[in-house]
$ cat model.txt   # compact mmCIF, C-alpha atoms
# COMPACT_ATOMS: atom_id res chain seq x y z
CA MET J 1 -24.26 -2.82 3.02
CA GLU J 2 -23.80 0.91 2.55
CA ASP J 3 -22.22 1.13 5.98
CA LYS J 4 -19.68 -1.45 4.90
CA ILE J 5 -18.72 0.59 1.86
CA SER J 6 -18.29 3.79 3.84
CA LEU J 7 -16.20 1.93 6.42
CA SER J 8 -13.80 0.63 3.83
CA ARG J 9 -13.03 4.08 2.48
CA VAL J 10 -9.59 5.35 3.34
CA ALA J 11 -9.04 9.06 3.83
CA MET J 12 -6.50 10.06 1.19
CA HIS J 13 -4.89 13.45 0.93
CA ILE J 14 -2.33 15.20 -1.20
CA SER J 15 0.81 16.59 0.38
CA ARG J 16 4.00 17.84 -1.28
CA GLY J 17 2.78 16.63 -4.65
CA CYS J 18 2.14 13.06 -3.46
CA LEU J 19 -1.08 11.21 -2.83
CA ILE J 20 -0.85 9.88 0.72
CA VAL J 21 -2.84 6.73 1.41
CA PRO J 22 -2.70 5.80 5.09
CA ILE J 23 -4.03 2.30 5.70
CA GLN J 24 -4.65 1.96 9.41
CA ILE J 25 -6.99 -1.00 9.29
CA GLU J 26 -6.51 -4.71 8.96
CA LEU J 27 -6.85 -5.51 5.30
CA TYR J 28 -9.02 -8.08 3.71
CA ASP J 29 -9.88 -8.71 0.10
CA GLU J 30 -12.85 -6.42 -0.30
CA ILE J 31 -11.10 -3.48 1.36
CA ILE J 32 -7.86 -3.73 -0.59
CA LEU J 33 -9.74 -3.92 -3.90
CA ARG J 34 -11.80 -0.88 -2.90
CA ILE J 35 -8.63 1.00 -1.92
CA GLN J 36 -7.04 -0.02 -5.21
CA LYS J 37 -9.94 1.46 -7.16
CA ASP J 38 -9.97 4.63 -5.05
CA ILE J 39 -6.22 5.19 -5.51
CA LEU J 40 -6.41 4.82 -9.27
CA GLU J 41 -9.37 7.19 -9.47
CA ARG J 42 -7.61 9.81 -7.36
CA VAL J 43 -4.41 9.50 -9.40
CA LYS J 44 -6.39 10.07 -12.58
CA GLU J 45 -8.40 12.94 -11.08
CA THR J 46 -5.47 14.83 -9.61
CA GLY J 47 -2.66 13.82 -11.94
CA VAL J 48 -0.21 13.30 -9.06
CA LYS J 49 3.15 11.84 -9.95
CA GLY J 50 3.73 10.10 -6.64
CA VAL J 51 1.75 7.87 -4.31
CA ILE J 52 2.75 6.91 -0.77
CA LEU J 53 1.01 3.80 0.50
CA ASP J 54 1.45 3.80 4.25
CA ILE J 55 0.69 0.35 5.61
CA SER J 56 1.96 0.87 9.15
CA GLY J 57 -1.41 -0.26 10.48
CA VAL J 58 -1.36 -3.57 8.63
CA GLU J 59 -0.19 -6.63 10.54
CA ILE J 60 -1.08 -9.52 8.27
CA ILE J 61 -0.16 -9.69 4.61
CA ASP J 62 -0.73 -12.98 2.87
CA SER J 63 0.00 -13.77 -0.75
CA PHE J 64 -3.30 -12.41 -2.04
CA LEU J 65 -2.99 -9.07 -0.27
CA ALA J 66 0.64 -8.78 -1.34
CA GLN J 67 -0.39 -9.45 -4.92
CA ALA J 68 -3.17 -6.87 -4.69
CA ILE J 69 -0.66 -4.31 -3.42
CA CYS J 70 1.80 -5.18 -6.21
CA ASP J 71 -1.01 -4.85 -8.76
CA THR J 72 -2.00 -1.45 -7.38
CA VAL J 73 1.58 -0.21 -7.63
CA ARG J 74 1.88 -1.44 -11.21
CA MET J 75 -1.47 0.04 -12.22
CA ALA J 76 -0.55 3.41 -10.71
CA SER J 77 2.76 3.35 -12.56
CA ILE J 78 0.95 2.69 -15.84
CA LEU J 79 -1.13 5.78 -15.08
CA GLY J 80 2.14 7.67 -14.55
CA ALA J 81 2.49 7.73 -10.77
CA ALA J 82 5.37 6.15 -8.86
CA THR J 83 4.44 4.44 -5.61
CA VAL J 84 6.42 3.94 -2.42
CA LEU J 85 5.29 1.56 0.30
CA THR J 86 6.04 2.88 3.77
CA GLY J 87 5.76 1.72 7.35
CA LEU J 88 6.06 -2.02 6.88
CA LYS J 89 6.16 -3.82 10.21
CA PRO J 90 9.06 -6.23 10.84
CA GLU J 91 6.52 -9.09 11.08
CA VAL J 92 5.11 -8.16 7.69
CA ALA J 93 8.58 -8.00 6.16
CA ALA J 94 9.36 -11.44 7.62
CA SER J 95 6.19 -13.03 6.30
CA ILE J 96 6.70 -11.50 2.86
CA VAL J 97 10.12 -13.15 2.67
CA ASP J 98 8.87 -16.44 4.13
CA LEU J 99 5.96 -16.60 1.73
CA ASP J 100 8.41 -15.93 -1.09
CA ILE J 101 6.40 -13.02 -2.40
CA GLU J 102 8.11 -11.01 -5.09
CA PHE J 103 8.30 -7.38 -4.06
CA LYS J 104 10.95 -6.78 -6.68
CA ASP J 105 9.71 -3.67 -8.46
CA ILE J 106 8.32 -2.07 -5.35
CA LYS J 107 10.08 0.75 -3.58
CA THR J 108 9.79 0.69 0.17
CA ALA J 109 10.77 3.15 2.86
CA MET J 110 10.80 3.18 6.65
CA ASN J 111 8.49 6.14 7.07
CA LEU J 112 6.64 8.93 5.29
CA GLU J 113 9.62 11.29 5.24
CA ALA J 114 11.87 8.67 3.65
CA GLY J 115 9.08 7.98 1.18
CA PHE J 116 8.98 11.65 0.19
CA GLN J 117 12.73 11.61 -0.29
CA ILE J 118 12.48 8.70 -2.73
CA LEU J 119 9.63 10.31 -4.66
CA GLU J 120 10.93 13.88 -4.74
CA PRO J 121 13.35 13.46 -7.67
CA LEU J 122 10.63 11.61 -9.58
CA ILE J 123 8.01 14.27 -9.00
CA ARG J 124 10.31 17.19 -9.71
CA PRO J 125 12.52 16.36 -12.68
CA LYS J 126 16.14 17.52 -12.70
CA GLU J 127 15.54 20.09 -15.45
CA GLU J 128 13.42 22.09 -13.11
CA PRO J 129 16.14 24.04 -11.25
CA GLU J 130 17.40 25.25 -14.62
CA GLU J 131 13.89 26.23 -15.51
CA ILE J 132 13.60 28.14 -12.27
CA GLU J 133 16.84 29.95 -13.17
CA LYS J 134 15.46 30.68 -16.62
CA ASN J 135 12.24 31.99 -15.12
CA GLU J 136 14.21 34.14 -12.71
CA LYS J 137 16.24 35.58 -15.58
CA ILE J 138 13.08 36.31 -17.53
CA GLU J 139 11.57 38.01 -14.52
CA GLN J 140 14.73 40.05 -14.01
CA LEU J 141 14.66 41.13 -17.65
CA LYS J 142 11.01 42.05 -17.24
CA ARG J 143 11.85 44.09 -14.15
CA GLU J 144 14.66 45.89 -16.01
CA THR J 145 12.45 46.70 -18.99
CA ASP J 146 9.73 47.84 -16.61
CA GLU J 147 12.23 50.18 -14.96
CA THR J 148 13.40 51.65 -18.28
CA GLN J 149 9.79 52.00 -19.36
CA GLU J 150 8.97 53.78 -16.14
CA ALA J 151 11.95 56.05 -16.69
CA GLN J 152 10.73 56.77 -20.19
CA ILE J 153 7.26 57.49 -18.89
CA ASP J 154 8.76 59.96 -16.43
CA GLU J 155 10.61 61.67 -19.25
CA ASP J 156 7.46 61.75 -21.33
CA GLU J 157 5.56 63.31 -18.46
CA GLU J 158 8.23 65.95 -18.12
CA ILE J 159 8.00 66.66 -21.81
CA GLU J 160 4.24 66.85 -21.53
CA GLU J 161 4.56 69.22 -18.64
CA GLU J 162 6.92 71.34 -20.67
CA ASP J 163 4.45 71.19 -23.55
CA SER J 164 1.61 72.33 -21.36
CA TYR J 165 3.81 75.08 -19.96
CA GLU J 166 4.64 76.19 -23.47
CA ASN J 167 0.97 76.04 -24.41
CA GLU J 168 0.04 78.19 -21.45
CA GLU J 169 2.76 80.66 -22.44
CA ARG J 170 1.34 80.62 -25.93
CA ARG J 171 -2.18 81.18 -24.63
CA LYS J 172 -0.92 84.09 -22.56
CA THR J 173 0.80 85.67 -25.50
CA ASP J 174 -2.31 85.08 -27.60
CA MET O 1 -6.73 -23.95 28.45
CA LYS O 2 -5.83 -27.52 27.56
CA ASN O 3 -7.48 -28.95 24.47
CA GLU O 4 -8.83 -25.55 23.64
CA GLU O 5 -9.75 -25.36 20.01
CA LYS O 6 -11.45 -23.02 17.64
CA ARG O 7 -13.36 -24.01 14.56
CA ILE O 8 -14.00 -21.46 11.87
CA LYS O 9 -16.11 -22.27 8.86
CA ILE O 10 -14.77 -20.79 5.66
CA SER O 11 -17.40 -19.85 3.11
CA GLU O 12 -16.96 -16.12 2.61
CA GLU O 13 -14.00 -13.82 2.09
CA ILE O 14 -14.50 -12.22 5.47
CA ASP O 15 -14.07 -15.64 7.13
CA ILE O 16 -10.41 -15.60 6.07
CA ALA O 17 -9.73 -12.50 8.14
CA LYS O 18 -11.83 -13.93 10.96
CA ALA O 19 -9.82 -17.16 11.05
CA ALA O 20 -6.55 -15.22 10.98
CA PHE O 21 -7.71 -13.07 13.89
CA GLU O 22 -8.82 -16.07 15.96
CA GLY O 23 -5.46 -17.71 15.26
CA LYS O 24 -3.56 -14.65 16.40
CA LEU O 25 -5.61 -14.52 19.59
CA LEU O 26 -5.00 -18.20 20.33
CA ALA O 27 -1.29 -17.81 19.57
CA TRP O 28 -1.16 -15.01 22.09
CA THR O 29 -2.95 -17.21 24.66
CA VAL O 30 -0.38 -19.96 24.21
CA GLY O 31 2.44 -17.49 24.67
CA PHE O 32 3.80 -16.83 21.21
CA LYS O 33 5.72 -13.59 20.87
CA GLU O 34 4.31 -10.85 18.67
CA THR O 35 6.21 -11.89 15.56
CA GLY O 36 5.09 -15.48 16.05
CA GLN O 37 1.49 -14.37 16.43
CA TYR O 38 1.56 -12.53 13.11
CA MET O 39 3.31 -15.40 11.37
CA ILE O 40 0.63 -17.83 12.54
CA ALA O 41 -2.09 -15.40 11.49
CA THR O 42 -0.45 -15.11 8.06
CA VAL O 43 -0.30 -18.88 7.71
CA ILE O 44 -3.96 -19.25 8.65
CA SER O 45 -4.87 -16.51 6.22
CA GLU O 46 -2.95 -18.33 3.50
CA LEU O 47 -4.53 -21.72 4.24
CA ALA O 48 -8.03 -20.25 4.58
CA ARG O 49 -7.59 -18.47 1.28
CA ASN O 50 -6.64 -21.72 -0.43
CA ILE O 51 -9.87 -23.23 0.85
CA PHE O 52 -11.88 -20.26 -0.35
CA ILE O 53 -10.29 -20.13 -3.79
CA TYR O 54 -9.96 -23.81 -4.61
CA ALA O 55 -12.75 -25.51 -2.65
CA LEU O 56 -15.12 -22.56 -1.97
CA ARG O 57 -15.93 -23.86 1.50
CA GLY O 58 -14.20 -25.71 4.27
CA GLU O 59 -13.03 -25.39 7.81
CA ILE O 60 -10.08 -24.15 9.81
CA ILE O 61 -9.44 -25.78 13.16
CA ILE O 62 -6.93 -24.21 15.51
CA LYS O 63 -5.81 -26.25 18.52
CA ILE O 64 -3.46 -25.70 21.42
CA ILE O 65 -1.12 -28.69 21.64
CA GLU O 66 1.43 -29.87 24.15
CA LYS O 67 4.33 -32.30 23.85
CA ASN O 68 7.32 -32.86 26.15
CA ASN O 69 6.48 -29.73 28.13
CA LYS O 70 6.49 -27.78 24.91
CA LYS O 71 3.49 -25.82 23.87
CA GLY O 72 2.40 -25.08 20.40
CA LEU O 73 -0.40 -24.52 17.99
CA GLU O 74 -1.90 -26.87 15.45
CA ILE O 75 -3.74 -25.57 12.45
CA ILE O 76 -5.89 -27.89 10.40
CA ALA O 77 -7.34 -26.71 7.12
CA GLN O 78 -9.78 -29.13 5.58
CA ASP O 79 -12.16 -29.03 2.69
CA LYS O 80 -14.06 -31.37 0.43
CA GLY O 81 -12.76 -29.82 -2.75
CA SER O 82 -11.01 -31.44 -5.63
CA GLY O 83 -7.79 -31.98 -3.70
CA ILE O 84 -4.34 -31.05 -4.92
CA LYS O 85 -3.42 -32.68 -8.20
CA ASP O 86 0.32 -32.40 -7.93
CA ILE O 87 1.60 -31.87 -4.41
CA GLY O 88 5.18 -31.83 -5.63
CA GLN O 89 4.42 -28.92 -7.89
CA ALA O 90 2.36 -27.14 -5.24
CA MET O 91 5.32 -27.30 -2.86
CA LYS O 92 7.66 -25.79 -5.41
CA ASP O 93 8.66 -22.22 -4.68
CA ASN O 94 6.95 -19.61 -6.77
CA PHE O 95 4.55 -22.09 -8.24
CA SER O 96 1.42 -20.12 -7.63
CA THR O 97 2.40 -17.10 -5.58
CA SER O 98 3.83 -15.58 -8.72
CA ASN O 99 0.42 -15.30 -10.29
CA GLY O 100 -1.07 -14.38 -7.01
CA LEU O 101 -3.79 -16.78 -6.10
CA GLY O 102 -3.06 -18.44 -2.80
CA LEU O 103 -1.38 -21.81 -2.43
CA GLY O 104 1.61 -20.34 -0.65
CA LEU O 105 2.37 -23.79 0.71
CA PRO O 106 6.18 -23.50 0.54
CA GLY O 107 5.88 -20.34 2.60
CA VAL O 108 3.62 -22.09 5.10
CA LYS O 109 6.17 -24.88 5.38
CA ARG O 110 8.95 -22.39 6.00
CA ILE O 111 7.06 -20.61 8.75
CA MET O 112 5.71 -23.69 10.52
CA ASP O 113 7.70 -26.50 12.15
CA GLU O 114 5.64 -29.38 10.77
CA LEU O 115 3.42 -29.64 7.73
CA VAL O 116 1.38 -32.65 6.67
CA ILE O 117 -0.61 -32.57 3.48
CA ASP O 118 -3.24 -35.19 2.95
CA ALA O 119 -4.88 -34.53 -0.38
CA LYS O 120 -6.83 -37.05 -2.37
CA ALA O 121 -8.08 -36.07 -5.77
CA GLY O 122 -11.86 -35.95 -5.69
CA VAL O 123 -12.11 -36.45 -1.91
CA GLY O 124 -10.67 -33.31 -0.45
CA THR O 125 -7.67 -31.82 1.24
CA LYS O 126 -6.53 -31.85 4.82
CA ILE O 127 -3.52 -29.79 5.72
CA THR O 128 -2.11 -30.01 9.22
CA ALA O 129 0.51 -27.51 10.30
CA ARG O 130 2.18 -27.28 13.72
CA LYS O 131 4.30 -24.61 15.28
CA TRP O 132 6.09 -24.98 18.62
CA ILE O 133 7.06 -22.06 20.80

$ encode --input "model.txt" --output "structure tokens"
Amino acid sequence: MEDKISLSRVAMHISRGCLIVPIQIELYDEIILRIQKDILERVKETGVKGVILDISGVEIIDSFLAQAICDTVRMASILGAATVLTGLKPEVAASIVDLDIEFKDIKTAMNLEAGFQILEPLIRPKEEPEEIEKNEKIEQLKRETDETQEAQIDEDEEIEEEDSYENEERRKTD
Amino acid sequence: MKNEEKRIKISEEIDIAKAAFEGKLLAWTVGFKETGQYMIATVISELARNIFIYALRGEIIIKIIEKNNKKGLEIIAQDKGSGIKDIGQAMKDNFSTSNGLGLGLPGVKRIMDELVIDAKAGVGTKITARKWI
């Protein structure tokens, strides 16, 4: 029984701010429900904003599996992560249409790279470039103030040196 | 190769995948192309799931058939469940697939060439589906 559980685990990893879930096994009920649970847990744990479900290894999708996938996508979106389905086989696409399964709200892409491209604007909001500019400006200001401070410190040191020189002179005269 | 048939008892979830796999293998033996193999496997998966969900146990029989020098595959899904109350409604698109639990019979009809449903309330259901190459 324990072997079964360890077998049904899918190795997920995070890349470019997305949780990548490669499914390279033939799905059946128990496995998809396990994967569903694992994905939701990882999304909660890591707080990723994007999930890529790569089903290039899946050849048979019937109405139950399709529904389980749809549910997973919806659950992840409620948690705040957008999901893209990648690597659908032509046969799978054909059977989804023939079985009249609604894949309406689900984003799909040919491959991982295309999936990243769909998710990128969702993960990194448009305001961010402006923020980067702002941050750069702040850093530049910091650098400038640092420079003036350094200059001041140099002047201070010179003054100190002069002071010590004067002191020495005084000591000599004393 | 003639009259070759496979019987798969459906009583557990894993049997659904098993039946689909056997179907794909048999479809390959008959000479279905890859897409056809997957379509048949999907249909078997769908029919087996109906058995599992609505009747709990039953049987899938997959047969190689021949007619007028044409080869094909026959899939019989039978159970002793409560039958289908309203076949007309079950055959309507989006009747059950929208809430997700099996009964993708319109889809099965679309994929297969022939579909015969023999369902008597209280006796059981026998669904015969045929696909020619």

$ closest_residue --input "model.txt" --among "J:Ile106, J:Ile20, J:Ile138, J:Leu65" --to "Ile39 of chain J" --atoms "only C-alpha atoms"
J:Ile20

$ atom_distance --input "model.txt" --atom1 "atom CA of Ala81 of chain J" --atom2 "atom CA of Gly50 of chain J"
4.9 Å

$ residues_around --input "model.txt" --residues "segment 127-131 of chain O" --least-positions-apart "5" --cutoff "6 Å" --atoms "only C-alpha atoms" --output "list in words"
Gly72, Leu73, Glu74, Ile75, Ile76, Ala77, Met112, Asp113, Glu114, Leu115, Val116 and Ile117 of chain O

$ closest_residue --input "model.txt" --among "J:Thr148, J:Asn135, J:Ser95, J:Thr83" --to "Leu119 of chain J" --atoms "only C-alpha atoms"
J:Thr83

$ interface_residues --input "model.txt" --of "chain J" --to "chain O" --cutoff "6 Å" --atoms "all atoms listed in the file" --output "PyMOL selection string"
chain J and resi 60+62-64+67+91+98-99

$ atom_distance --input "model.txt" --atom1 "atom CA of Glu41 of chain J" --atom2 "atom CA of Glu26 of chain J"
22.1 Å

$ atom_distance --input "model.txt" --atom1 "atom CA of Glu4 of chain O" --atom2 "atom CA of Gly31 of chain O"
13.9 Å

$ closest_residue --input "model.txt" --among "J:Ile61, J:Ile118, J:Glu133, J:Gln24" --to "Ala94 of chain J" --atoms "all atoms listed in the file"
J:Ile61

$ residues_around --input "model.txt" --residues "Leu79 of chain J" --least-positions-apart "6" --cutoff "10 Å" --atoms "all atoms listed in the file" --output "MDAnalysis selection string"
chainID J and resid 40 43:44 47:49 73

$ residues_near_point --input "model.txt" --point "(0.1, -1.8, 7.4)" --cutoff "10 Å" --atoms "only C-alpha atoms" --output "list in words"
Pro22, Ile23, Gln24, Ile25, Glu26, Leu27, Leu53, Asp54, Ile55, Ser56, Gly57, Val58, Glu59, Ile60, Ile61, Leu85, Thr86, Gly87, Leu88, Lys89 and Val92 of chain J

$ build_atoms --input "model.txt" --residues "segment 46-82 of chain J" --atoms "N, CA and C atoms" --output "PDB file, in the coordinates of the input"
ATOM      1  N   THR J  46      -6.365  13.760 -10.042  1.00  0.00           N
ATOM      2  CA  THR J  46      -5.470  14.830  -9.610  1.00  0.00           C
ATOM      3  C   THR J  46      -4.199  14.909 -10.446  1.00  0.00           C
ATOM      4  N   GLY J  47      -3.885  13.834 -11.139  1.00  0.00           N
ATOM      5  CA  GLY J  47      -2.660  13.820 -11.940  1.00  0.00           C
ATOM      6  C   GLY J  47      -1.384  13.866 -11.116  1.00  0.00           C
ATOM      7  N   VAL J  48      -1.429  13.322  -9.880  1.00  0.00           N
ATOM      8  CA  VAL J  48      -0.210  13.300  -9.060  1.00  0.00           C
ATOM      9  C   VAL J  48       0.823  12.358  -9.679  1.00  0.00           C
ATOM     10  N   LYS J  49       2.078  12.666  -9.404  1.00  0.00           N
ATOM     11  CA  LYS J  49       3.150  11.840  -9.950  1.00  0.00           C
ATOM     12  C   LYS J  49       3.695  10.839  -8.937  1.00  0.00           C
ATOM     13  N   GLY J  50       3.237  11.000  -7.682  1.00  0.00           N
ATOM     14  CA  GLY J  50       3.730  10.100  -6.640  1.00  0.00           C
ATOM     15  C   GLY J  50       2.619   9.654  -5.707  1.00  0.00           C
ATOM     16  N   VAL J  51       2.718   8.394  -5.262  1.00  0.00           N
ATOM     17  CA  VAL J  51       1.750   7.870  -4.310  1.00  0.00           C
ATOM     18  C   VAL J  51       2.524   7.234  -3.158  1.00  0.00           C
ATOM     19  N   ILE J  52       2.133   7.559  -1.935  1.00  0.00           N
ATOM     20  CA  ILE J  52       2.750   6.910  -0.770  1.00  0.00           C
ATOM     21  C   ILE J  52       1.691   6.056  -0.099  1.00  0.00           C
ATOM     22  N   LEU J  53       1.939   4.755  -0.098  1.00  0.00           N
ATOM     23  CA  LEU J  53       1.010   3.800   0.500  1.00  0.00           C
ATOM     24  C   LEU J  53       1.557   3.460   1.874  1.00  0.00           C
ATOM     25  N   ASP J  54       0.949   4.017   2.901  1.00  0.00           N
ATOM     26  CA  ASP J  54       1.450   3.800   4.250  1.00  0.00           C
ATOM     27  C   ASP J  54       0.696   2.649   4.895  1.00  0.00           C
ATOM     28  N   ILE J  55       1.392   1.518   5.077  1.00  0.00           N
ATOM     29  CA  ILE J  55       0.690   0.350   5.610  1.00  0.00           C
ATOM     30  C   ILE J  55       1.156   0.030   7.033  1.00  0.00           C
ATOM     31  N   SER J  56       1.465   1.095   7.788  1.00  0.00           N
ATOM     32  CA  SER J  56       1.960   0.870   9.150  1.00  0.00           C
ATOM     33  C   SER J  56       0.891   0.260  10.068  1.00  0.00           C
ATOM     34  N   GLY J  57      -0.368   0.329   9.645  1.00  0.00           N
ATOM     35  CA  GLY J  57      -1.410  -0.260  10.480  1.00  0.00           C
ATOM     36  C   GLY J  57      -1.747  -1.693  10.106  1.00  0.00           C
ATOM     37  N   VAL J  58      -1.026  -2.225   9.117  1.00  0.00           N
ATOM     38  CA  VAL J  58      -1.360  -3.570   8.630  1.00  0.00           C
ATOM     39  C   VAL J  58      -0.422  -4.596   9.253  1.00  0.00           C
ATOM     40  N   GLU J  59      -1.008  -5.642   9.832  1.00  0.00           N
ATOM     41  CA  GLU J  59      -0.190  -6.630  10.540  1.00  0.00           C
ATOM     42  C   GLU J  59      -0.094  -7.960   9.799  1.00  0.00           C
ATOM     43  N   ILE J  60      -1.090  -8.241   8.983  1.00  0.00           N
ATOM     44  CA  ILE J  60      -1.080  -9.520   8.270  1.00  0.00           C
ATOM     45  C   ILE J  60      -1.136  -9.274   6.767  1.00  0.00           C
ATOM     46  N   ILE J  61      -0.121  -9.753   6.070  1.00  0.00           N
ATOM     47  CA  ILE J  61      -0.160  -9.690   4.610  1.00  0.00           C
ATOM     48  C   ILE J  61       0.072 -11.092   4.091  1.00  0.00           C
ATOM     49  N   ASP J  62      -0.935 -11.666   3.463  1.00  0.00           N
ATOM     50  CA  ASP J  62      -0.730 -12.980   2.870  1.00  0.00           C
ATOM     51  C   ASP J  62      -0.522 -12.796   1.364  1.00  0.00           C
ATOM     52  N   SER J  63      -0.415 -13.894   0.647  1.00  0.00           N
ATOM     53  CA  SER J  63       0.000 -13.770  -0.750  1.00  0.00           C
ATOM     54  C   SER J  63      -1.024 -12.999  -1.594  1.00  0.00           C
ATOM     55  N   PHE J  64      -2.300 -13.123  -1.248  1.00  0.00           N
ATOM     56  CA  PHE J  64      -3.300 -12.410  -2.040  1.00  0.00           C
ATOM     57  C   PHE J  64      -3.188 -10.897  -1.834  1.00  0.00           C
ATOM     58  N   LEU J  65      -3.085 -10.495  -0.557  1.00  0.00           N
ATOM     59  CA  LEU J  65      -2.990  -9.070  -0.270  1.00  0.00           C
ATOM     60  C   LEU J  65      -1.721  -8.482  -0.872  1.00  0.00           C
ATOM     61  N   ALA J  66      -0.622  -9.245  -0.765  1.00  0.00           N
ATOM     62  CA  ALA J  66       0.640  -8.780  -1.340  1.00  0.00           C
ATOM     63  C   ALA J  66       0.488  -8.588  -2.845  1.00  0.00           C
ATOM     64  N   GLN J  67      -0.189  -9.542  -3.475  1.00  0.00           N
ATOM     65  CA  GLN J  67      -0.390  -9.450  -4.920  1.00  0.00           C
ATOM     66  C   GLN J  67      -1.265  -8.241  -5.266  1.00  0.00           C
ATOM     67  N   ALA J  68      -2.285  -8.018  -4.445  1.00  0.00           N
ATOM     68  CA  ALA J  68      -3.170  -6.870  -4.690  1.00  0.00           C
ATOM     69  C   ALA J  68      -2.388  -5.566  -4.566  1.00  0.00           C
ATOM     70  N   ILE J  69      -1.475  -5.515  -3.590  1.00  0.00           N
ATOM     71  CA  ILE J  69      -0.660  -4.310  -3.420  1.00  0.00           C
ATOM     72  C   ILE J  69       0.277  -4.130  -4.623  1.00  0.00           C
ATOM     73  N   CYS J  70       0.913  -5.236  -5.034  1.00  0.00           N
ATOM     74  CA  CYS J  70       1.800  -5.180  -6.210  1.00  0.00           C
ATOM     75  C   CYS J  70       1.021  -4.691  -7.433  1.00  0.00           C
ATOM     76  N   ASP J  71      -0.178  -5.230  -7.610  1.00  0.00           N
ATOM     77  CA  ASP J  71      -1.010  -4.850  -8.760  1.00  0.00           C
ATOM     78  C   ASP J  71      -1.304  -3.357  -8.726  1.00  0.00           C
ATOM     79  N   THR J  72      -1.666  -2.870  -7.527  1.00  0.00           N
ATOM     80  CA  THR J  72      -2.000  -1.450  -7.380  1.00  0.00           C
ATOM     81  C   THR J  72      -0.813  -0.589  -7.797  1.00  0.00           C
ATOM     82  N   VAL J  73       0.376  -0.981  -7.314  1.00  0.00           N
ATOM     83  CA  VAL J  73       1.580  -0.210  -7.630  1.00  0.00           C
ATOM     84  C   VAL J  73       1.825  -0.196  -9.139  1.00  0.00           C
ATOM     85  N   ARG J  74       1.649  -1.362  -9.758  1.00  0.00           N
ATOM     86  CA  ARG J  74       1.880  -1.440 -11.210  1.00  0.00           C
ATOM     87  C   ARG J  74       0.842  -0.626 -11.988  1.00  0.00           C
ATOM     88  N   MET J  75      -0.413  -0.719 -11.537  1.00  0.00           N
ATOM     89  CA  MET J  75      -1.470   0.040 -12.220  1.00  0.00           C
ATOM     90  C   MET J  75      -1.209   1.538 -12.105  1.00  0.00           C
ATOM     91  N   ALA J  76      -0.825   1.980 -10.911  1.00  0.00           N
ATOM     92  CA  ALA J  76      -0.550   3.410 -10.710  1.00  0.00           C
ATOM     93  C   ALA J  76       0.618   3.846 -11.597  1.00  0.00           C
ATOM     94  N   SER J  77       1.604   2.972 -11.746  1.00  0.00           N
ATOM     95  CA  SER J  77       2.760   3.350 -12.560  1.00  0.00           C
ATOM     96  C   SER J  77       2.385   3.426 -14.041  1.00  0.00           C
ATOM     97  N   ILE J  78       1.438   2.596 -14.453  1.00  0.00           N
ATOM     98  CA  ILE J  78       0.950   2.690 -15.840  1.00  0.00           C
ATOM     99  C   ILE J  78       0.234   4.023 -16.049  1.00  0.00           C
ATOM    100  N   LEU J  79      -0.463   4.479 -14.991  1.00  0.00           N
ATOM    101  CA  LEU J  79      -1.130   5.780 -15.080  1.00  0.00           C
ATOM    102  C   LEU J  79      -0.139   6.926 -14.984  1.00  0.00           C
ATOM    103  N   GLY J  80       1.113   6.628 -14.592  1.00  0.00           N
ATOM    104  CA  GLY J  80       2.140   7.670 -14.550  1.00  0.00           C
ATOM    105  C   GLY J  80       2.506   8.131 -13.151  1.00  0.00           C
ATOM    106  N   ALA J  81       2.135   7.353 -12.140  1.00  0.00           N
ATOM    107  CA  ALA J  81       2.490   7.730 -10.770  1.00  0.00           C
ATOM    108  C   ALA J  81       3.377   6.649 -10.144  1.00  0.00           C
ATOM    109  N   ALA J  82       4.482   7.090  -9.561  1.00  0.00           N
ATOM    110  CA  ALA J  82       5.370   6.150  -8.860  1.00  0.00           C
ATOM    111  C   ALA J  82       4.849   5.958  -7.444  1.00  0.00           C
TER     112      ALA J  82
END
